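File shown: structure34.cif. Contents: mmCIF, C-alpha atoms, pLDDT in the B column; chains and numbers go by the auth columns.
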data_protein
#
loop_
_atom_site.group_PDB
_atom_site.id
_atom_site.type_symbol
_atom_site.label_atom_id
_atom_site.label_comp_id
_atom_site.label_asym_id
_atom_site.label_seq_id
_atom_site.Cartn_x
_atom_site.Cartn_y
_atom_site.Cartn_z
_atom_site.B_iso_or_equiv
_atom_site.auth_seq_id
_atom_site.auth_asym_id
ATOM 1 C CA MET A 1 131.938 216.540 187.204 50.00 1 U
ATOM 2 C CA ASP A 2 132.588 218.111 190.573 50.00 2 U
ATOM 3 C CA SER A 3 130.356 221.201 190.466 54.00 3 U
ATOM 4 C CA LYS A 4 127.763 221.342 193.237 78.00 4 U
ATOM 5 C CA PHE A 5 124.839 221.981 190.927 86.00 5 U
ATOM 6 C CA HIS A 6 124.786 221.144 187.269 92.00 6 U
ATOM 7 C CA ILE A 7 121.769 220.712 185.002 93.00 7 U
ATOM 8 C CA LEU A 8 122.124 217.778 182.612 94.00 8 U
ATOM 9 C CA GLY A 9 118.890 218.182 180.706 96.00 9 U
ATOM 10 C CA SER A 10 115.125 218.101 180.648 97.00 10 U
ATOM 11 C CA ILE A 11 112.485 216.491 178.472 97.00 11 U
ATOM 12 C CA THR A 12 108.755 217.199 178.185 97.00 12 U
ATOM 13 C CA VAL A 13 106.477 214.551 176.696 97.00 13 U
ATOM 14 C CA ALA A 14 102.736 213.875 176.485 95.00 14 U
ATOM 15 C CA ALA A 15 101.520 211.726 179.398 94.00 15 U
ATOM 16 C CA GLN A 16 101.109 208.653 177.181 94.00 16 U
ATOM 17 C CA THR A 17 102.660 205.202 177.452 95.00 17 U
ATOM 18 C CA GLN A 18 103.980 205.478 173.866 95.00 18 U
ATOM 19 C CA GLU A 19 106.351 208.197 175.135 96.00 19 U
ATOM 20 C CA LEU A 20 107.994 205.969 177.756 97.00 20 U
ATOM 21 C CA ASN A 21 110.741 204.826 175.377 96.00 21 U
ATOM 22 C CA VAL A 22 111.753 208.448 174.750 97.00 22 U
ATOM 23 C CA ILE A 23 112.020 209.068 178.506 98.00 23 U
ATOM 24 C CA ARG A 24 114.012 205.852 179.064 97.00 24 U
ATOM 25 C CA GLU A 25 116.503 206.727 176.331 97.00 25 U
ATOM 26 C CA PHE A 26 116.963 210.225 177.764 98.00 26 U
ATOM 27 C CA ILE A 27 117.551 208.917 181.295 98.00 27 U
ATOM 28 C CA ALA A 28 119.899 206.155 180.142 98.00 28 U
ATOM 29 C CA ARG A 29 121.980 208.724 178.241 97.00 29 U
ATOM 30 C CA CYS A 30 122.198 211.055 181.261 98.00 30 U
ATOM 31 C CA ALA A 31 123.149 208.159 183.576 98.00 31 U
ATOM 32 C CA ALA A 32 125.782 206.908 181.106 98.00 32 U
ATOM 33 C CA ASP A 33 127.247 210.444 180.902 97.00 33 U
ATOM 34 C CA CYS A 34 127.666 210.304 184.686 97.00 34 U
ATOM 35 C CA LYS A 35 129.655 207.046 184.428 97.00 35 U
ATOM 36 C CA PHE A 36 127.142 204.762 186.110 98.00 36 U
ATOM 37 C CA ASP A 37 127.754 201.127 185.143 97.00 37 U
ATOM 38 C CA GLU A 38 125.364 199.094 182.997 97.00 38 U
ATOM 39 C CA GLN A 39 123.494 197.659 185.989 97.00 39 U
ATOM 40 C CA GLN A 40 123.000 201.035 187.657 98.00 40 U
ATOM 41 C CA ILE A 41 121.932 202.655 184.366 98.00 41 U
ATOM 42 C CA ASN A 42 119.313 199.931 183.969 98.00 42 U
ATOM 43 C CA PHE A 43 118.115 200.420 187.572 98.00 43 U
ATOM 44 C CA ILE A 44 117.801 204.215 187.175 98.00 44 U
ATOM 45 C CA GLU A 45 116.039 203.757 183.825 98.00 45 U
ATOM 46 C CA LEU A 46 113.705 201.254 185.458 98.00 46 U
ATOM 47 C CA ALA A 47 112.886 203.527 188.428 98.00 47 U
ATOM 48 C CA VAL A 48 112.006 206.444 186.159 98.00 48 U
ATOM 49 C CA ASP A 49 110.064 204.149 183.812 98.00 49 U
ATOM 50 C CA GLU A 50 107.986 202.798 186.720 97.00 50 U
ATOM 51 C CA ILE A 51 106.995 206.301 187.859 97.00 51 U
ATOM 52 C CA CYS A 52 106.260 207.637 184.364 97.00 52 U
ATOM 53 C CA ALA A 53 104.339 204.475 183.369 96.00 53 U
ATOM 54 C CA ASN A 54 102.163 204.969 186.424 93.00 54 U
ATOM 55 C CA ILE A 55 101.451 208.606 185.527 93.00 55 U
ATOM 56 C CA ALA A 56 100.705 207.696 181.884 93.00 56 U
ATOM 57 C CA ARG A 57 98.416 204.786 182.840 90.00 57 U
ATOM 58 C CA HIS A 58 96.428 206.973 185.230 85.00 58 U
ATOM 59 C CA ALA A 59 96.303 209.734 182.624 84.00 59 U
ATOM 60 C CA LYS A 60 94.672 207.302 180.205 77.00 60 U
ATOM 61 C CA GLU A 61 92.172 206.018 182.759 77.00 61 U
ATOM 62 C CA ARG A 62 91.203 209.334 184.325 74.00 62 U
ATOM 63 C CA GLN A 63 92.252 211.915 181.752 66.00 63 U
ATOM 64 C CA SER A 64 94.351 213.443 184.515 72.00 64 U
ATOM 65 C CA ALA A 65 97.928 214.358 183.534 76.00 65 U
ATOM 66 C CA LYS A 66 98.498 216.016 180.166 87.00 66 U
ATOM 67 C CA GLU A 67 102.280 216.010 180.222 93.00 67 U
ATOM 68 C CA ILE A 68 105.307 214.676 182.030 95.00 68 U
ATOM 69 C CA ILE A 69 108.497 216.693 182.534 96.00 69 U
ATOM 70 C CA VAL A 70 111.653 214.777 183.427 97.00 70 U
ATOM 71 C CA SER A 71 114.686 216.817 184.487 97.00 71 U
ATOM 72 C CA VAL A 72 118.122 215.576 185.470 98.00 72 U
ATOM 73 C CA SER A 73 120.728 217.443 187.449 97.00 73 U
ATOM 74 C CA ILE A 74 123.776 216.848 189.587 97.00 74 U
ATOM 75 C CA GLU A 75 123.514 218.191 193.109 96.00 75 U
ATOM 76 C CA ASP A 76 126.204 217.592 195.733 93.00 76 U
ATOM 77 C CA SER A 77 127.574 214.440 194.061 95.00 77 U
ATOM 78 C CA GLN A 78 124.081 213.071 193.544 97.00 78 U
ATOM 79 C CA PHE A 79 122.278 212.195 190.326 98.00 79 U
ATOM 80 C CA VAL A 80 118.886 213.863 190.736 97.00 80 U
ATOM 81 C CA VAL A 81 115.861 213.070 188.573 98.00 81 U
ATOM 82 C CA THR A 82 112.745 215.196 188.997 97.00 82 U
ATOM 83 C CA ILE A 83 109.529 213.889 187.446 97.00 83 U
ATOM 84 C CA GLU A 84 106.707 216.413 187.248 95.00 84 U
ATOM 85 C CA ASP A 85 103.121 215.876 186.130 93.00 85 U
ATOM 86 C CA ASN A 86 99.991 218.003 186.066 88.00 86 U
ATOM 87 C CA ALA A 87 97.598 215.318 187.321 86.00 87 U
ATOM 88 C CA MET A 88 95.625 215.409 190.574 82.00 88 U
ATOM 89 C CA PRO A 89 98.100 215.128 193.471 82.00 89 U
ATOM 90 C CA PHE A 90 98.881 211.487 194.252 84.00 90 U
ATOM 91 C CA ASN A 91 101.724 210.392 196.478 88.00 91 U
ATOM 92 C CA PRO A 92 103.027 207.013 195.248 88.00 92 U
ATOM 93 C CA LEU A 93 105.147 206.739 198.387 90.00 93 U
ATOM 94 C CA ASN A 94 101.952 206.134 200.368 89.00 94 U
ATOM 95 C CA VAL A 95 101.613 202.785 198.582 86.00 95 U
ATOM 96 C CA PRO A 96 103.047 200.110 200.893 84.00 96 U
ATOM 97 C CA SER A 97 105.770 197.796 199.555 82.00 97 U
ATOM 98 C CA PRO A 98 104.416 194.294 198.947 81.00 98 U
ATOM 99 C CA ASN A 99 105.549 191.243 200.880 79.00 99 U
ATOM 100 C CA MET A 100 106.717 188.913 198.089 75.00 100 U
ATOM 101 C CA VAL A 101 105.141 185.810 199.628 74.00 101 U
ATOM 102 C CA ASP A 102 101.789 187.577 199.871 76.00 102 U
ATOM 103 C CA TYR A 103 102.364 189.096 196.468 74.00 103 U
ATOM 104 C CA PHE A 104 102.715 185.671 194.917 73.00 104 U
ATOM 105 C CA ARG A 105 99.550 184.511 196.619 73.00 105 U
ATOM 106 C CA ALA A 106 97.464 187.567 195.791 70.00 106 U
ATOM 107 C CA TYR A 107 98.824 188.562 192.350 66.00 107 U
ATOM 108 C CA LYS A 108 98.160 192.119 191.216 58.00 108 U
ATOM 109 C CA SER A 109 98.109 193.457 194.753 58.00 109 U
ATOM 110 C CA GLY A 110 99.959 196.486 193.380 74.00 110 U
ATOM 111 C CA GLY A 111 102.891 198.337 194.818 87.00 111 U
ATOM 112 C CA LEU A 112 105.576 196.447 192.903 91.00 112 U
ATOM 113 C CA GLY A 113 106.645 199.446 190.790 93.00 113 U
ATOM 114 C CA ILE A 114 107.135 201.785 193.734 93.00 114 U
ATOM 115 C CA HIS A 115 108.859 198.976 195.671 92.00 115 U
ATOM 116 C CA ILE A 116 111.400 198.806 192.824 95.00 116 U
ATOM 117 C CA VAL A 117 111.834 202.601 192.822 96.00 117 U
ATOM 118 C CA ARG A 118 112.466 202.651 196.579 95.00 118 U
ATOM 119 C CA THR A 119 114.924 199.755 196.316 95.00 119 U
ATOM 120 C CA VAL A 120 117.101 201.091 193.505 96.00 120 U
ATOM 121 C CA MET A 121 117.218 204.790 194.403 98.00 121 U
ATOM 122 C CA ASP A 122 118.868 206.229 197.520 98.00 122 U
ATOM 123 C CA ASN A 123 116.136 208.741 198.265 97.00 123 U
ATOM 124 C CA VAL A 124 112.644 209.525 196.915 97.00 124 U
ATOM 125 C CA ILE A 125 110.637 212.626 197.848 97.00 125 U
ATOM 126 C CA TYR A 126 107.148 213.619 196.725 95.00 126 U
ATOM 127 C CA THR A 127 106.081 217.264 196.537 92.00 127 U
ATOM 128 C CA PRO A 128 102.410 217.816 195.640 87.00 128 U
ATOM 129 C CA SER A 129 101.435 220.788 193.530 82.00 129 U
ATOM 130 C CA PRO A 130 100.678 223.838 195.710 77.00 130 U
ATOM 131 C CA THR A 131 97.664 224.681 193.511 75.00 131 U
ATOM 132 C CA HIS A 132 95.228 222.568 191.500 70.00 132 U
ATOM 133 C CA LEU A 133 96.712 223.986 188.294 72.00 133 U
ATOM 134 C CA GLY A 134 100.340 223.264 189.115 82.00 134 U
ATOM 135 C CA TYR A 135 102.714 220.321 188.886 89.00 135 U
ATOM 136 C CA ASN A 136 103.372 217.510 191.349 92.00 136 U
ATOM 137 C CA ALA A 137 106.994 216.478 191.605 95.00 137 U
ATOM 138 C CA LEU A 138 108.738 213.258 192.546 96.00 138 U
ATOM 139 C CA THR A 139 112.465 213.652 193.119 97.00 139 U
ATOM 140 C CA LEU A 140 114.697 210.582 192.881 98.00 140 U
ATOM 141 C CA ARG A 141 118.300 210.719 194.071 98.00 141 U
ATOM 142 C CA LYS A 142 121.244 208.406 193.657 98.00 142 U
ATOM 143 C CA GLN A 143 124.860 208.870 194.690 98.00 143 U
ATOM 144 C CA LEU A 144 127.166 209.333 191.701 97.00 144 U
ATOM 145 C CA PRO A 145 129.719 206.570 191.124 96.00 145 U
ATOM 146 C CA VAL A 146 133.082 207.271 192.763 89.00 146 U
ATOM 147 C CA MET B 1 109.226 192.262 171.776 96.00 1 Y
ATOM 148 C CA LYS B 2 109.074 188.854 170.126 97.00 2 Y
ATOM 149 C CA ILE B 3 108.079 185.466 171.550 96.00 3 Y
ATOM 150 C CA THR B 4 109.033 182.256 169.771 95.00 4 Y
ATOM 151 C CA SER B 5 107.494 179.003 170.864 93.00 5 Y
ATOM 152 C CA THR B 6 109.061 175.583 170.190 93.00 6 Y
ATOM 153 C CA MET B 7 107.961 172.145 171.374 91.00 7 Y
ATOM 154 C CA MET B 8 110.925 169.953 172.360 88.00 8 Y
ATOM 155 C CA GLU B 9 110.210 166.439 173.683 84.00 9 Y
ATOM 156 C CA ASN B 10 107.025 167.442 175.508 89.00 10 Y
ATOM 157 C CA ILE B 11 108.677 170.553 176.884 95.00 11 Y
ATOM 158 C CA LEU B 12 107.453 173.885 175.613 94.00 12 Y
ATOM 159 C CA LEU B 13 110.265 176.374 175.118 95.00 13 Y
ATOM 160 C CA LEU B 14 109.333 180.043 174.945 96.00 14 Y
ATOM 161 C CA ALA B 15 112.109 182.398 173.851 97.00 15 Y
ATOM 162 C CA ILE B 16 111.393 186.033 174.707 98.00 16 Y
ATOM 163 C CA GLU B 17 113.325 188.804 172.973 98.00 17 Y
ATOM 164 C CA GLY B 18 113.379 192.564 173.385 98.00 18 Y
ATOM 165 C CA ARG B 19 111.586 194.438 176.150 97.00 19 Y
ATOM 166 C CA VAL B 20 108.691 193.403 178.367 98.00 20 Y
ATOM 167 C CA ASP B 21 107.363 196.670 179.750 97.00 21 Y
ATOM 168 C CA THR B 22 104.156 198.707 180.078 96.00 22 Y
ATOM 169 C CA ASN B 23 103.681 198.772 176.307 96.00 23 Y
ATOM 170 C CA THR B 24 104.357 195.101 175.593 97.00 24 Y
ATOM 171 C CA ALA B 25 103.200 193.336 178.776 97.00 25 Y
ATOM 172 C CA ALA B 26 99.637 192.726 177.536 96.00 26 Y
ATOM 173 C CA GLU B 27 100.917 191.051 174.372 96.00 27 Y
ATOM 174 C CA ALA B 28 103.396 188.935 176.356 97.00 28 Y
ATOM 175 C CA GLU B 29 100.683 187.941 178.828 96.00 29 Y
ATOM 176 C CA GLU B 30 98.321 186.841 176.077 96.00 30 Y
ATOM 177 C CA ALA B 31 100.992 184.741 174.367 94.00 31 Y
ATOM 178 C CA ILE B 32 102.259 183.051 177.536 94.00 32 Y
ATOM 179 C CA ILE B 33 98.908 182.507 179.206 92.00 33 Y
ATOM 180 C CA THR B 34 97.376 181.099 176.000 92.00 34 Y
ATOM 181 C CA THR B 35 100.266 178.635 175.887 90.00 35 Y
ATOM 182 C CA ILE B 36 99.605 177.512 179.452 91.00 36 Y
ATOM 183 C CA ASP B 37 95.856 177.355 178.911 90.00 37 Y
ATOM 184 C CA ASN B 38 96.500 175.131 175.889 89.00 38 Y
ATOM 185 C CA GLY B 39 97.946 172.588 178.263 85.00 39 Y
ATOM 186 C CA ALA B 40 101.699 173.168 178.467 87.00 40 Y
ATOM 187 C CA ALA B 41 102.653 171.105 181.532 92.00 41 Y
ATOM 188 C CA ARG B 42 106.410 171.683 181.255 96.00 42 Y
ATOM 189 C CA LEU B 43 107.511 175.144 180.327 96.00 43 Y
ATOM 190 C CA ALA B 44 111.004 176.595 179.864 97.00 44 Y
ATOM 191 C CA VAL B 45 111.230 180.330 179.308 97.00 45 Y
ATOM 192 C CA ASP B 46 114.459 181.437 177.633 98.00 46 Y
ATOM 193 C CA PHE B 47 115.374 185.030 178.526 98.00 47 Y
ATOM 194 C CA SER B 48 118.670 185.180 176.604 98.00 48 Y
ATOM 195 C CA GLY B 49 117.184 187.688 174.142 98.00 49 Y
ATOM 196 C CA LEU B 50 115.450 189.756 176.837 98.00 50 Y
ATOM 197 C CA ASP B 51 116.962 193.231 177.203 97.00 51 Y
ATOM 198 C CA TYR B 52 114.600 194.940 179.639 98.00 52 Y
ATOM 199 C CA VAL B 53 111.883 194.017 182.110 98.00 53 Y
ATOM 200 C CA SER B 54 109.794 196.364 184.261 97.00 54 Y
ATOM 201 C CA SER B 55 107.234 195.587 186.961 95.00 55 Y
ATOM 202 C CA ALA B 56 104.600 195.171 184.226 95.00 56 Y
ATOM 203 C CA GLY B 57 106.724 192.349 182.780 96.00 57 Y
ATOM 204 C CA LEU B 58 107.481 190.803 186.169 95.00 58 Y
ATOM 205 C CA ARG B 59 103.735 190.559 186.799 93.00 59 Y
ATOM 206 C CA VAL B 60 103.287 188.591 183.562 94.00 60 Y
ATOM 207 C CA PHE B 61 105.861 185.982 184.669 95.00 61 Y
ATOM 208 C CA LEU B 62 104.309 185.891 188.108 92.00 62 Y
ATOM 209 C CA LEU B 63 100.886 185.209 186.602 91.00 63 Y
ATOM 210 C CA ALA B 64 102.410 182.467 184.449 93.00 64 Y
ATOM 211 C CA ALA B 65 104.061 180.852 187.494 91.00 65 Y
ATOM 212 C CA LYS B 66 100.821 181.037 189.423 89.00 66 Y
ATOM 213 C CA LYS B 67 98.864 179.418 186.584 91.00 67 Y
ATOM 214 C CA MET B 68 101.469 176.663 186.237 92.00 68 Y
ATOM 215 C CA LYS B 69 101.302 176.001 189.962 89.00 69 Y
ATOM 216 C CA LYS B 70 97.517 175.750 189.809 89.00 70 Y
ATOM 217 C CA THR B 71 97.617 173.239 186.955 90.00 71 Y
ATOM 218 C CA GLY B 72 100.422 171.233 188.571 92.00 72 Y
ATOM 219 C CA GLY B 73 102.841 172.101 185.780 94.00 73 Y
ATOM 220 C CA GLN B 74 106.527 172.928 185.972 95.00 74 Y
ATOM 221 C CA MET B 75 108.102 176.147 184.808 96.00 75 Y
ATOM 222 C CA VAL B 76 111.749 177.206 184.761 97.00 76 Y
ATOM 223 C CA LEU B 77 113.432 180.399 183.578 98.00 77 Y
ATOM 224 C CA CYS B 78 116.862 180.433 181.941 98.00 78 Y
ATOM 225 C CA GLY B 79 119.422 182.464 180.025 98.00 79 Y
ATOM 226 C CA MET B 80 118.992 185.720 181.938 98.00 80 Y
ATOM 227 C CA LYS B 81 121.496 188.466 181.147 98.00 81 Y
ATOM 228 C CA PRO B 82 123.072 189.914 184.314 97.00 82 Y
ATOM 229 C CA ILE B 83 120.982 193.121 184.146 97.00 83 Y
ATOM 230 C CA ILE B 84 117.774 191.063 184.012 98.00 84 Y
ATOM 231 C CA LYS B 85 118.890 188.741 186.835 98.00 85 Y
ATOM 232 C CA GLU B 86 119.678 191.807 188.948 97.00 86 Y
ATOM 233 C CA VAL B 87 116.111 193.078 188.467 97.00 87 Y
ATOM 234 C CA PHE B 88 114.728 189.688 189.581 96.00 88 Y
ATOM 235 C CA ASP B 89 117.085 189.669 192.598 95.00 89 Y
ATOM 236 C CA MET B 90 116.463 193.279 193.620 94.00 90 Y
ATOM 237 C CA SER B 91 112.668 192.993 193.404 92.00 91 Y
ATOM 238 C CA GLY B 92 112.559 189.726 195.371 89.00 92 Y
ATOM 239 C CA PHE B 93 111.235 187.815 192.355 92.00 93 Y
ATOM 240 C CA SER B 94 114.178 185.395 192.199 94.00 94 Y
ATOM 241 C CA ALA B 95 112.725 183.617 195.235 90.00 95 Y
ATOM 242 C CA LEU B 96 109.508 182.896 193.340 89.00 96 Y
ATOM 243 C CA PHE B 97 111.034 181.098 190.349 94.00 97 Y
ATOM 244 C CA ILE B 98 113.409 178.308 189.410 96.00 98 Y
ATOM 245 C CA ILE B 99 116.125 180.197 187.517 98.00 99 Y
ATOM 246 C CA LEU B 100 118.777 178.185 185.676 98.00 100 Y
ATOM 247 C CA GLY B 101 121.771 179.209 183.582 97.00 101 Y
ATOM 248 C CA THR B 102 121.481 177.794 180.102 97.00 102 Y
ATOM 249 C CA ARG B 103 118.651 176.549 177.914 96.00 103 Y
ATOM 250 C CA GLU B 104 120.140 173.037 178.096 96.00 104 Y
ATOM 251 C CA GLU B 105 120.073 173.078 181.901 97.00 105 Y
ATOM 252 C CA ALA B 106 116.461 174.229 181.801 97.00 106 Y
ATOM 253 C CA LEU B 107 115.394 171.517 179.348 96.00 107 Y
ATOM 254 C CA ASN B 108 117.301 168.819 181.284 96.00 108 Y
ATOM 255 C CA SER B 109 115.643 169.870 184.536 97.00 109 Y
ATOM 256 C CA LEU B 110 112.209 169.331 183.007 96.00 110 Y
ATOM 257 C CA LYS B 111 112.905 165.882 181.498 90.00 111 Y
#

Would you mind writing the file out in structure tokens?
Amino acid sequence: MDSKFHILGSITVAAQTQELNVIREFIARCAADCKFDEQQINFIELAVDEICANIARHAKERQSAKEIIVSVSIEDSQFVVTIEDNAMPFNPLNVPSPNMVDYFRAYKSGGLGIHIVRTVMDNVIYTPSPTHLGYNALTLRKQLPV
Amino acid sequence: MKITSTMMENILLLAIEGRVDTNTAAEAEEAIITTIDNGAARLAVDFSGLDYVSSAGLRVFLLAAKKMKKTGGQMVLCGMKPIIKEVFDMSGFSALFIILGTREEALNSLK
């Protein structure tokens, strides 16, 4: 797969936690198609799951997002996952990563999910919706296996 | 997700199978925390049937470890598949737990 830009697929689901399995299966399939190994497939699946779980949980609490769109493409030898939601803009990258010693002491200090996303992906960019009716996007990138 | 609990010579063995994620974490938390609240002083958690864990699941094990510490109990984890161990390592959680290889090693360490 050496083309510079190649769309692998896209999935649109209701912003509900029951849909997370569908998203995980879709991402795992795309990552397997790109020859990532079992560990990397699990990490990519986990990163996307953390982001989508967060959107779905907030959607339940605040009736914010109605749907989640997950798209996967290959761009310049990178596996690119774009997660879009139509909730109020919220940048998860503003959440600081927890210090594990403090985390153990405090429990539920938050930030663990996004810490995992930052650790397993090469690059994460947030783009808020330009209008209140549009979609926010989080783009996760990971170098394809050689 | 399925949790099986067995008492073996004063050691409580919890075997967790399947996935501990956003959808199953509450159920896992209730089962594990109830066990600790019922007075389990020595707890071995067998992960050999665990296929997936997300931050929601990691928090459950963290809460369990914290409760065990508070009550002066001992808790060890064992039987992790490589993909699960890698999640514990990558997230920094390995430093918070005693993680052993097999169920036998875990049970022996608590005797």

Contact table chain Y vs chain U, cut-off 10 Å, shortest pair per residue, all atoms listed in the file, as JSON lines:
{"residue": "Y:Asp21", "atom": "CA", "partner": "U:Asp49", "partner_atom": "CA", "distance": 8.9}
{"residue": "Y:Thr22", "atom": "CA", "partner": "U:Ala53", "partner_atom": "CA", "distance": 6.6}
{"residue": "Y:Asn23", "atom": "CA", "partner": "U:Thr17", "partner_atom": "CA", "distance": 6.6}
{"residue": "Y:Asp51", "atom": "CA", "partner": "U:Asn42", "partner_atom": "CA", "distance": 9.8}
{"residue": "Y:Tyr52", "atom": "CA", "partner": "U:Asn42", "partner_atom": "CA", "distance": 8.1}
{"residue": "Y:Val53", "atom": "CA", "partner": "U:Leu46", "partner_atom": "CA", "distance": 8.2}
{"residue": "Y:Ser54", "atom": "CA", "partner": "U:Leu46", "partner_atom": "CA", "distance": 6.4}
{"residue": "Y:Ser55", "atom": "CA", "partner": "U:Gly113", "partner_atom": "CA", "distance": 5.5}
{"residue": "Y:Ala56", "atom": "CA", "partner": "U:Gly113", "partner_atom": "CA", "distance": 8.1}
{"residue": "Y:Leu58", "atom": "CA", "partner": "U:Leu112", "partner_atom": "CA", "distance": 9.0}
{"residue": "Y:Arg59", "atom": "CA", "partner": "U:Lys108", "partner_atom": "CA", "distance": 7.3}
{"residue": "Y:Val60", "atom": "CA", "partner": "U:Tyr107", "partner_atom": "CA", "distance": 9.9}
{"residue": "Y:Leu62", "atom": "CA", "partner": "U:Phe104", "partner_atom": "CA", "distance": 7.0}
{"residue": "Y:Leu63", "atom": "CA", "partner": "U:Tyr107", "partner_atom": "CA", "distance": 7.0}
{"residue": "Y:Ala65", "atom": "CA", "partner": "U:Phe104", "partner_atom": "CA", "distance": 9.0}
{"residue": "Y:Lys66", "atom": "CA", "partner": "U:Phe104", "partner_atom": "CA", "distance": 7.4}
{"residue": "Y:Pro82", "atom": "CA", "partner": "U:Gln39", "partner_atom": "CA", "distance": 7.9}
{"residue": "Y:Ile83", "atom": "CA", "partner": "U:Gln39", "partner_atom": "CA", "distance": 5.5}
{"residue": "Y:Ile84", "atom": "CA", "partner": "U:Gln39", "partner_atom": "CA", "distance": 9.0}
{"residue": "Y:Glu86", "atom": "CA", "partner": "U:Gln39", "partner_atom": "CA", "distance": 7.6}
{"residue": "Y:Val87", "atom": "CA", "partner": "U:Phe43", "partner_atom": "CA", "distance": 7.7}
{"residue": "Y:Met90", "atom": "CA", "partner": "U:Thr119", "partner_atom": "CA", "distance": 7.2}
{"residue": "Y:Ser91", "atom": "CA", "partner": "U:Ile116", "partner_atom": "CA", "distance": 6.0}
{"residue": "Y:Gly92", "atom": "CA", "partner": "U:Met100", "partner_atom": "CA", "distance": 6.5}
{"residue": "Y:Phe93", "atom": "CA", "partner": "U:Met100", "partner_atom": "CA", "distance": 7.4}
{"residue": "Y:Ala95", "atom": "CA", "partner": "U:Met100", "partner_atom": "CA", "distance": 8.5}
{"residue": "Y:Leu96", "atom": "CA", "partner": "U:Phe104", "partner_atom": "CA", "distance": 7.5}

Kindly save the residues from that selection, with C-alpha atoms included, as a CSV table (one decimal), in the frame of the given file.
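Output (part.csv):
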chain,number,residue,atom,x,y,z
Y,21,ASP,CA,107.4,196.7,179.8
Y,22,THR,CA,104.2,198.7,180.1
Y,23,ASN,CA,103.7,198.8,176.3
Y,51,ASP,CA,117.0,193.2,177.2
Y,52,TYR,CA,114.6,194.9,179.6
Y,53,VAL,CA,111.9,194.0,182.1
Y,54,SER,CA,109.8,196.4,184.3
Y,55,SER,CA,107.2,195.6,187.0
Y,56,ALA,CA,104.6,195.2,184.2
Y,58,LEU,CA,107.5,190.8,186.2
Y,59,ARG,CA,103.7,190.6,186.8
Y,60,VAL,CA,103.3,188.6,183.6
Y,62,LEU,CA,104.3,185.9,188.1
Y,63,LEU,CA,100.9,185.2,186.6
Y,65,ALA,CA,104.1,180.9,187.5
Y,66,LYS,CA,100.8,181.0,189.4
Y,82,PRO,CA,123.1,189.9,184.3
Y,83,ILE,CA,121.0,193.1,184.1
Y,84,ILE,CA,117.8,191.1,184.0
Y,86,GLU,CA,119.7,191.8,188.9
Y,87,VAL,CA,116.1,193.1,188.5
Y,90,MET,CA,116.5,193.3,193.6
Y,91,SER,CA,112.7,193.0,193.4
Y,92,GLY,CA,112.6,189.7,195.4
Y,93,PHE,CA,111.2,187.8,192.4
Y,95,ALA,CA,112.7,183.6,195.2
Y,96,LEU,CA,109.5,182.9,193.3

Please write as a ChimeraX atom specification the full residue list that the PyMOL selection byres ((chain U and resi 133-146) around 8) yields on this file. /U:34-36,77-87,89,121-132

Report the distance between CA of Pro92 (chain U) and CA of Ile55 (chain U) in Å, rounded to one decimal place.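 For CA of Pro92 (chain U) relative to CA of Ile55 (chain U), the distance reads 10.0 Å.
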
Rounded to one decimal, what separation in Å do you get between CA of Ile98 (chain Y) and CA of Val76 (chain Y)?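 That distance, rounded to one decimal, is 5.1 Å.
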
As a check of understanding, name the residues that the PyMOL selection byres ((chain Y and resi 6) around 12) selects in the supplied structure, as a ChimeraX atom specification. /Y:3-5,7-16,35,40,43-46,107

Write the residues you've just listed into a file as a CSV table (one decimal), keeping the file's coordinate frame, and include C-alpha atoms for each of them.
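After the write, part-v6.csv holds the following:
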chain,number,residue,atom,x,y,z
Y,3,ILE,CA,108.1,185.5,171.6
Y,4,THR,CA,109.0,182.3,169.8
Y,5,SER,CA,107.5,179.0,170.9
Y,7,MET,CA,108.0,172.1,171.4
Y,8,MET,CA,110.9,170.0,172.4
Y,9,GLU,CA,110.2,166.4,173.7
Y,10,ASN,CA,107.0,167.4,175.5
Y,11,ILE,CA,108.7,170.6,176.9
Y,12,LEU,CA,107.5,173.9,175.6
Y,13,LEU,CA,110.3,176.4,175.1
Y,14,LEU,CA,109.3,180.0,174.9
Y,15,ALA,CA,112.1,182.4,173.9
Y,16,ILE,CA,111.4,186.0,174.7
Y,35,THR,CA,100.3,178.6,175.9
Y,40,ALA,CA,101.7,173.2,178.5
Y,43,LEU,CA,107.5,175.1,180.3
Y,44,ALA,CA,111.0,176.6,179.9
Y,45,VAL,CA,111.2,180.3,179.3
Y,46,ASP,CA,114.5,181.4,177.6
Y,107,LEU,CA,115.4,171.5,179.3

Tell me which of U:Ile74, U:Ala28, U:Val95, U:Met88 sits closest to Lys4 (chain U), counting all atoms listed in the file.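 Closest to Lys4 (chain U), using all atoms listed in the file: U:Ile74.
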
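Among Y:Ser94, Y:Thr34, Y:Thr24, Y:Ser48, the residue with the shortest atom-to-atom distance to Gly79 (chain Y), counting all atoms listed in the file, is Y:Ser48.
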
List as a list in words the protein and nucleic acid residues near Gly101 (chain Y), meaning an atom at most 9 Å away when only C-alpha atoms are counted, but skip any in the same chain fewer than 6 places from it. Leu77, Cys78, Gly79 and Met80 of chain Y

Between CA of Thr12 (chain U) and CA of Arg62 (chain U) - distance in Å to one decimal: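 Straight-line distance from CA of Arg62 (chain U) to CA of Thr12 (chain U) works out to 20.2 Å.
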
So which residues are close to (116.1, 212.7, 181.8), meaning at most 6 Å away in the file's coordinates with only C-alpha atoms counted, and can you show them as a ChimeraX atom specification? /U:10,26-27,70-72

When distances are computed from all atoms listed in the file, which of U:Asp76, U:Arg118, U:Ser64, U:Asp102 shows the smallest separation from Ala14 (chain U)?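 Ranking U:Asp76, U:Arg118, U:Ser64, U:Asp102 by distance to Ala14 (chain U), first place goes to U:Ser64.
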